[in-house]
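Visitor: Below you'll find the structure I mean.
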Protein chains: 2
Amino acid sequence: MAKPKKTPRPKAQTPKGFRDYFGTDVTDRAEMLQTIAGVYHRYGFDALESSAVETVEALGKFLPDVDRPNEGVFAWQEEDGDWLALRYDMTAPLARVYAQHRNDLPNPYRRYTMGPVWRNEKPGPGRFRQFYQCDADTVGTASMAADAEICAMLSDTLEAVGIQRGDYVIRINNRKVLNGVMEVAGLAGDDKEAERGIVLRAIDKLDRLGPEGVRALLGEGRKDESGDFTKGAGLGDAEAETIMGFTDAKRDTGPHTVARLRELVHGSDIGAKGVAELEEIAALLDAAGYGPDRIVIDPSVVRGLGYYTGPVYEAELTFDVQNEKGQTVQFGSVAGGGRYDDLVKRFTGQEVPATGVSIGVDRLLAALRATKRIGTTEQGPVVVTVMDRDRMADYQAMVAELRSAGIRAEVYLGNPKNFGNQLKYADKRNAPIAIIEGGDEKDRGVVQIKDLYLGAKIAETATHEEWAENPSQFEVPRDQMRAKVQEILNQ
Amino acid sequence: MAKPKKTPRPKAQTPKGFRDYFGTDVTDRAEMLQTIAGVYHRYGFDALESSAVETVEALGKFLPDVDRPNEGVFAWQEEDGDWLALRYDMTAPLARVYAQHRNDLPNPYRRYTMGPVWRNEKPGPGRFRQFYQCDADTVGTASMAADAEICAMLSDTLEAVGIQRGDYVIRINNRKVLNGVMEVAGLAGDDKEAERGIVLRAIDKLDRLGPEGVRALLGEGRKDESGDFTKGAGLGDAEAETIMGFTDAKRDTGPHTVARLRELVHGSDIGAKGVAELEEIAALLDAAGYGPDRIVIDPSVVRGLGYYTGPVYEAELTFDVQNEKGQTVQFGSVAGGGRYDDLVKRFTGQEVPATGVSIGVDRLLAALRATKRIGTTEQGPVVVTVMDRDRMADYQAMVAELRSAGIRAEVYLGNPKNFGNQLKYADKRNAPIAIIEGGDEKDRGVVQIKDLYLGAKIAETATHEEWAENPSQFEVPRDQMRAKVQEILNQ
């Protein structure tokens, strides 16, 4: 008889491009999101958690910032033939939810949402296929007050999570101004869509390529360091200057910047409309007390996404960090958004104006860690060691007593035979204290308390005498254990 | 030229079996989970958030409680041929994570996790394909102290979220005792697996079928009301009595129950081992102060899942609620779990003992609402109305002032032309207060405050005089607006 084939063991591996989060990576993020939700709530935004799964039809089968349609999502076919997919952002589901429930929702509808999204991209270093987004949007109003409010809320949010005023700036621009500038530069009309796309992407790369690089892309094109050639928009010198003038239009005050933009879009109706919108937002923010130390008009912000139709905004952290090459760089963008008026129309046929912002959750958390606003290691639990495995009930009673006082505590549950392993475990747990009660201690009604943080400090620096004294381990009566532990933890 | 075909509009619909959560459905759950995480943390459990996506290989391609393999998960194929799937529970991913990271994790590893899971089941009324789970498990120890600890933690958790002592009970049983009873009833051995399965499922249905129904399933079989016949285990009378005696073995105290179980498993080694485990857990819980008012030994608990190997436990809410038919019933189970020693072995070949509990998040939330521990409607924001659209900046300044005092507030952002619509909006938002500042008020330096809750009360009960007086709307100087709003909200 043939031997039955053994199934090979499955590999214990996260799928490529996915990752697991442990301990403080989970709890720090949860705490940050909770703080953000508190600010959003104060601004009158309501929570929404839409289904993680959407019909491909409702998602629109494409990612807004991916060139190739039909790609970018994880999708599968149902038995009844329908295709379902994991959401790739929070905006497409919002459009679906709003279209579906518009009769029951307040109008305008302010909502926030936070959760994972999924992108079916080729995994690469630092490129993940599941990540968190945290969005706030106002649907159903064309008022610039909605855009102004979201910028103010973004400012409050950054300060609430721990970014100091002065360490961030929120920049506002307007797509209509850019469209006006394009018009002045001769790029209006349906037949110039490709060129407008090139211009948009070129300006978006200003930080990375510098003015020279952008200038090249506005003209014939640009050869990069590797020798690869990127075709340009083919603008003449005067037209390219108009565009470059736009990226460079920021002046010392908002009104001066607005005045400069008005010059640049002279003759374009859409441009004039954009400038008026920027002025209106600036006035509203000014009245609410959000000055240029927090929010500025900056024409260099374009935001990549094609669907923006009016104001666009971006939050940048301005403090320095070391990048992976050891260079000092500004931390950069942590949030962005803008006005998009066409998304709901796909479902209902009616144009529904909307504006919203998305916070890059992982980036913002990294920023808080970079500025030491939050630590990366957490104090572990008090570990009650097991000296006598038959007295587990005594040790359980100890942790129950500590926990009832709100102290994080646990009994060692591994094999207690080797005491050294118990201390190694406590060390791995980053435990501040170990409790020891052997038979001798039990008889005498005492416990040993080992201050592990102090012990580690002494081990680093102690003289022979200090070492012999060993002040990090001492005995207390059993009924004083809780008070003494509390005292050490409060130090 | 043929007219280009118009793409039909996508339907704005949640996919079948999925749902969206709004407002307090999101925030109440988040708050409850945060409280639970606090208890778990105090017990020394660390947070884990594993990837929502796993390889089908790692998941094992099957749901533990679905008979048909290869079903029950949402899966898709990658370009490189690998199959990926959404997790269907939190236990399979834990086994993968533990096998993958075991050299870096503390051993034993206590972890909690909370998040959505997905089941590819036929959607039906009240049956959803995405729902929340909240699990805590201890991996890497065979100690009964781990099981006892999780039962104590479950008790603390229920009380922390607002279930009163006396309104719940945690029941503990042991699979080994059941196996011992099966052995005594002649159902040991590989060739009796089918019969054991029938017995297990029959006992699990004790609540629903009653002793008569279970008794029938232990013998020849049972015909239900619709006339459908379910084949039984074919046990003789004496053997069936042994099993029935087991389901009925609960006595007035833990020690008495244990003594009764010891009689029932007489002659079975595995049964004796199970009884000893139960005794050990009971002793540990007793020492930690968890008496029978919270946790009891109850042989009627079997838990459906095939993978449990030792202690099993279940939390039941004992207060009455009305079911959908208007009948008064006990609320029932909200959490359950047990010991499973084989899951990690699939990956590593080594047996790794583990035990853990899963809370049914939606059920527990429903229970808190049923007992009015949490409300279902939320106070909305203060709504500042727009009487003069050119003075939006004034209104924005008002909400900014209110928010900076921690008051939830928003400006009406819809079309302000029809003032009635603004009040309807405030009503839909469940706003406690509306603020009104027309040109006249502005000139006189005052605002109107409309107490909407009081107004609604008056509208219900007022006499003509009270109505005419209208104490729910009054004027205050603009600089006293915040204080007055605060005063009303504090009432």
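Chain labels run A, B, ... following the order of the structure tokens; each chain numbers its residues from 1, and ligands are numbered from 1 in the order shown.
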Mind running stretch 342-389 of chain A against stretch 87-99 of chain A at 7 Å and telling me each contacting residue's nearest atom pair with the distance in Å (one decimal), counting only C-alpha atoms, chain and number ascending, as a Markdown table?

Guide:
| residue | atom | partner | partner_atom | distance |
| --- | --- | --- | --- | --- |
| A:Leu343 | CA | A:Ala95 | CA | 6.0 |
| A:Val344 | CA | A:Ala95 | CA | 4.9 |
| A:Phe347 | CA | A:Ala99 | CA | 6.4 |
| A:Thr348 | CA | A:Ala99 | CA | 6.6 |

Visitor: Just write the chosen residues, C-alpha atoms, as a PDB file, in the first residue's frame.

Guide:
ATOM      1  CA  LEU A 343     -17.607  61.747  -6.471  1.00  0.00           C
ATOM      2  CA  VAL A 344     -21.220  61.265  -5.391  1.00  0.00           C
ATOM      3  CA  PHE A 347     -24.144  57.185  -8.051  1.00  0.00           C
ATOM      4  CA  THR A 348     -26.938  59.731  -8.140  1.00  0.00           C
TER       5      THR A 348
END

Visitor: For stretch 122-139 of chain B, please output as a JSON list (two decimals) with C-alpha atoms, in the first residue's frame all residues within 6 Å (counting only C-alpha atoms; exclusion window: fewer than 3 positions along the same chain).

Guide:
[["chain", "number", "residue", "atom", "x", "y", "z"],
["B", 17, "GLY", "CA", -24.16, 40.65, 4.36],
["B", 18, "PHE", "CA", -22.07, 43.74, 5.12],
["B", 108, "PRO", "CA", 4.55, 32.39, 27.85],
["B", 109, "TYR", "CA", 3.04, 35.02, 25.57],
["B", 110, "ARG", "CA", -0.11, 36.75, 26.74],
["B", 111, "ARG", "CA", -1.76, 38.79, 24.02],
["B", 112, "TYR", "CA", -5.08, 40.50, 23.31],
["B", 113, "THR", "CA", -6.41, 41.63, 19.97],
["B", 114, "MET", "CA", -9.55, 43.33, 18.71],
["B", 115, "GLY", "CA", -10.79, 43.94, 15.19],
["B", 116, "PRO", "CA", -12.98, 42.75, 12.35],
["B", 117, "VAL", "CA", -13.05, 39.19, 10.99],
["B", 118, "TRP", "CA", -14.72, 38.04, 7.80],
["B", 119, "ARG", "CA", -16.82, 34.96, 7.02],
["B", 354, "ALA", "CA", -2.51, 27.63, 24.65],
["B", 355, "THR", "CA", -5.76, 28.87, 26.13],
["B", 356, "GLY", "CA", -7.91, 31.86, 25.32],
["B", 357, "VAL", "CA", -11.25, 33.61, 25.26],
["B", 358, "SER", "CA", -13.20, 35.49, 22.60],
["B", 359, "ILE", "CA", -15.79, 38.15, 23.39],
["B", 360, "GLY", "CA", -18.72, 38.61, 21.03],
["B", 361, "VAL", "CA", -18.37, 42.36, 20.69]]

Visitor: Tell me, as a ChimeraX atom specification, which residues lie within 7 Å of A:Glu351, counting only C-alpha atoms; anything in the same chain fewer than 2 positions away does not count.

Guide: /A:341-342,344-345,349,353

Visitor: Got time to write the residues from that selection, N, CA and C atoms, as a tab-separated table (two decimals), in the first residue's frame?

Guide:
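part27.tsv written:
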chain	number	residue	atom	x	y	z
A	341	ASP	N	-15.90	67.68	-6.02
A	341	ASP	CA	-17.34	67.89	-6.15
A	341	ASP	C	-18.05	66.82	-6.97
A	342	ASP	N	-17.29	65.84	-7.50
A	342	ASP	CA	-17.92	64.95	-8.48
A	342	ASP	C	-18.14	63.52	-8.01
A	344	VAL	N	-19.91	61.85	-5.65
A	344	VAL	CA	-21.22	61.26	-5.39
A	344	VAL	C	-22.03	61.17	-6.68
A	345	LYS	N	-21.74	62.06	-7.63
A	345	LYS	CA	-22.45	62.12	-8.89
A	345	LYS	C	-22.47	60.78	-9.63
A	349	GLY	N	-26.17	60.96	-10.08
A	349	GLY	CA	-26.35	61.87	-11.19
A	349	GLY	C	-26.34	63.33	-10.77
A	353	PRO	N	-21.30	68.75	-3.65
A	353	PRO	CA	-20.00	69.30	-3.27
A	353	PRO	C	-19.51	68.68	-1.96

Visitor: Taking 5 positions as the minimum chain separation for residues in the same chain, which residues sit within 12 Å of B:Lys442 when counting only C-alpha atoms? Answer as a ChimeraX atom specification.

Guide: /B:387-388,391,394-395,436-437,447-448,475-479

Visitor: Could you write those residues out with N, CA and C atoms, as a short mmCIF file (atom, residue, chain, number, x, y, z; two decimals), in the first residue's frame?

Guide:
data_model
loop_
_atom_site.label_atom_id
_atom_site.label_comp_id
_atom_site.auth_asym_id
_atom_site.auth_seq_id
_atom_site.Cartn_x
_atom_site.Cartn_y
_atom_site.Cartn_z
N MET B 387 -27.60 83.81 9.78
CA MET B 387 -28.66 84.76 9.43
C MET B 387 -28.22 85.66 8.30
N ASP B 388 -26.93 85.77 8.14
CA ASP B 388 -26.39 86.73 7.18
C ASP B 388 -25.15 86.09 6.57
N ARG B 391 -21.61 87.30 6.90
CA ARG B 391 -20.91 87.37 8.19
C ARG B 391 -20.51 85.98 8.70
N ASP B 394 -18.03 85.87 11.47
CA ASP B 394 -18.54 86.06 12.84
C ASP B 394 -19.00 84.73 13.44
N TYR B 395 -19.71 83.97 12.62
CA TYR B 395 -20.26 82.70 13.13
C TYR B 395 -19.14 81.70 13.39
N ILE B 436 -28.48 82.27 17.46
CA ILE B 436 -28.98 83.10 16.36
C ILE B 436 -28.44 84.52 16.52
N GLU B 437 -27.82 85.02 15.47
CA GLU B 437 -27.35 86.41 15.51
C GLU B 437 -27.64 87.06 14.16
N VAL B 447 -26.84 88.01 21.29
CA VAL B 447 -27.23 86.85 20.48
C VAL B 447 -28.50 86.24 21.10
N GLN B 448 -29.27 85.55 20.27
CA GLN B 448 -30.40 84.77 20.76
C GLN B 448 -29.93 83.36 21.04
N GLU B 475 -32.37 86.27 25.01
CA GLU B 475 -31.27 87.07 24.49
C GLU B 475 -30.18 87.20 25.55
N VAL B 476 -28.91 87.11 25.16
CA VAL B 476 -27.82 87.46 26.11
C VAL B 476 -26.81 88.32 25.38
N PRO B 477 -26.07 89.14 26.13
CA PRO B 477 -24.99 89.89 25.49
C PRO B 477 -24.00 88.91 24.84
N ARG B 478 -23.46 89.30 23.70
CA ARG B 478 -22.57 88.42 22.93
C ARG B 478 -21.43 87.88 23.78
N ASP B 479 -20.90 88.71 24.67
CA ASP B 479 -19.75 88.24 25.44
C ASP B 479 -20.14 87.30 26.59
#

Visitor: Can you list every residue in stretch 211-391 of chain A that DSSP puts in alpha helix (DSSP H), as number ranges by chain?

Guide: A: 211-218, 237-247, 254-264, 269-287, 345-348, 361-370
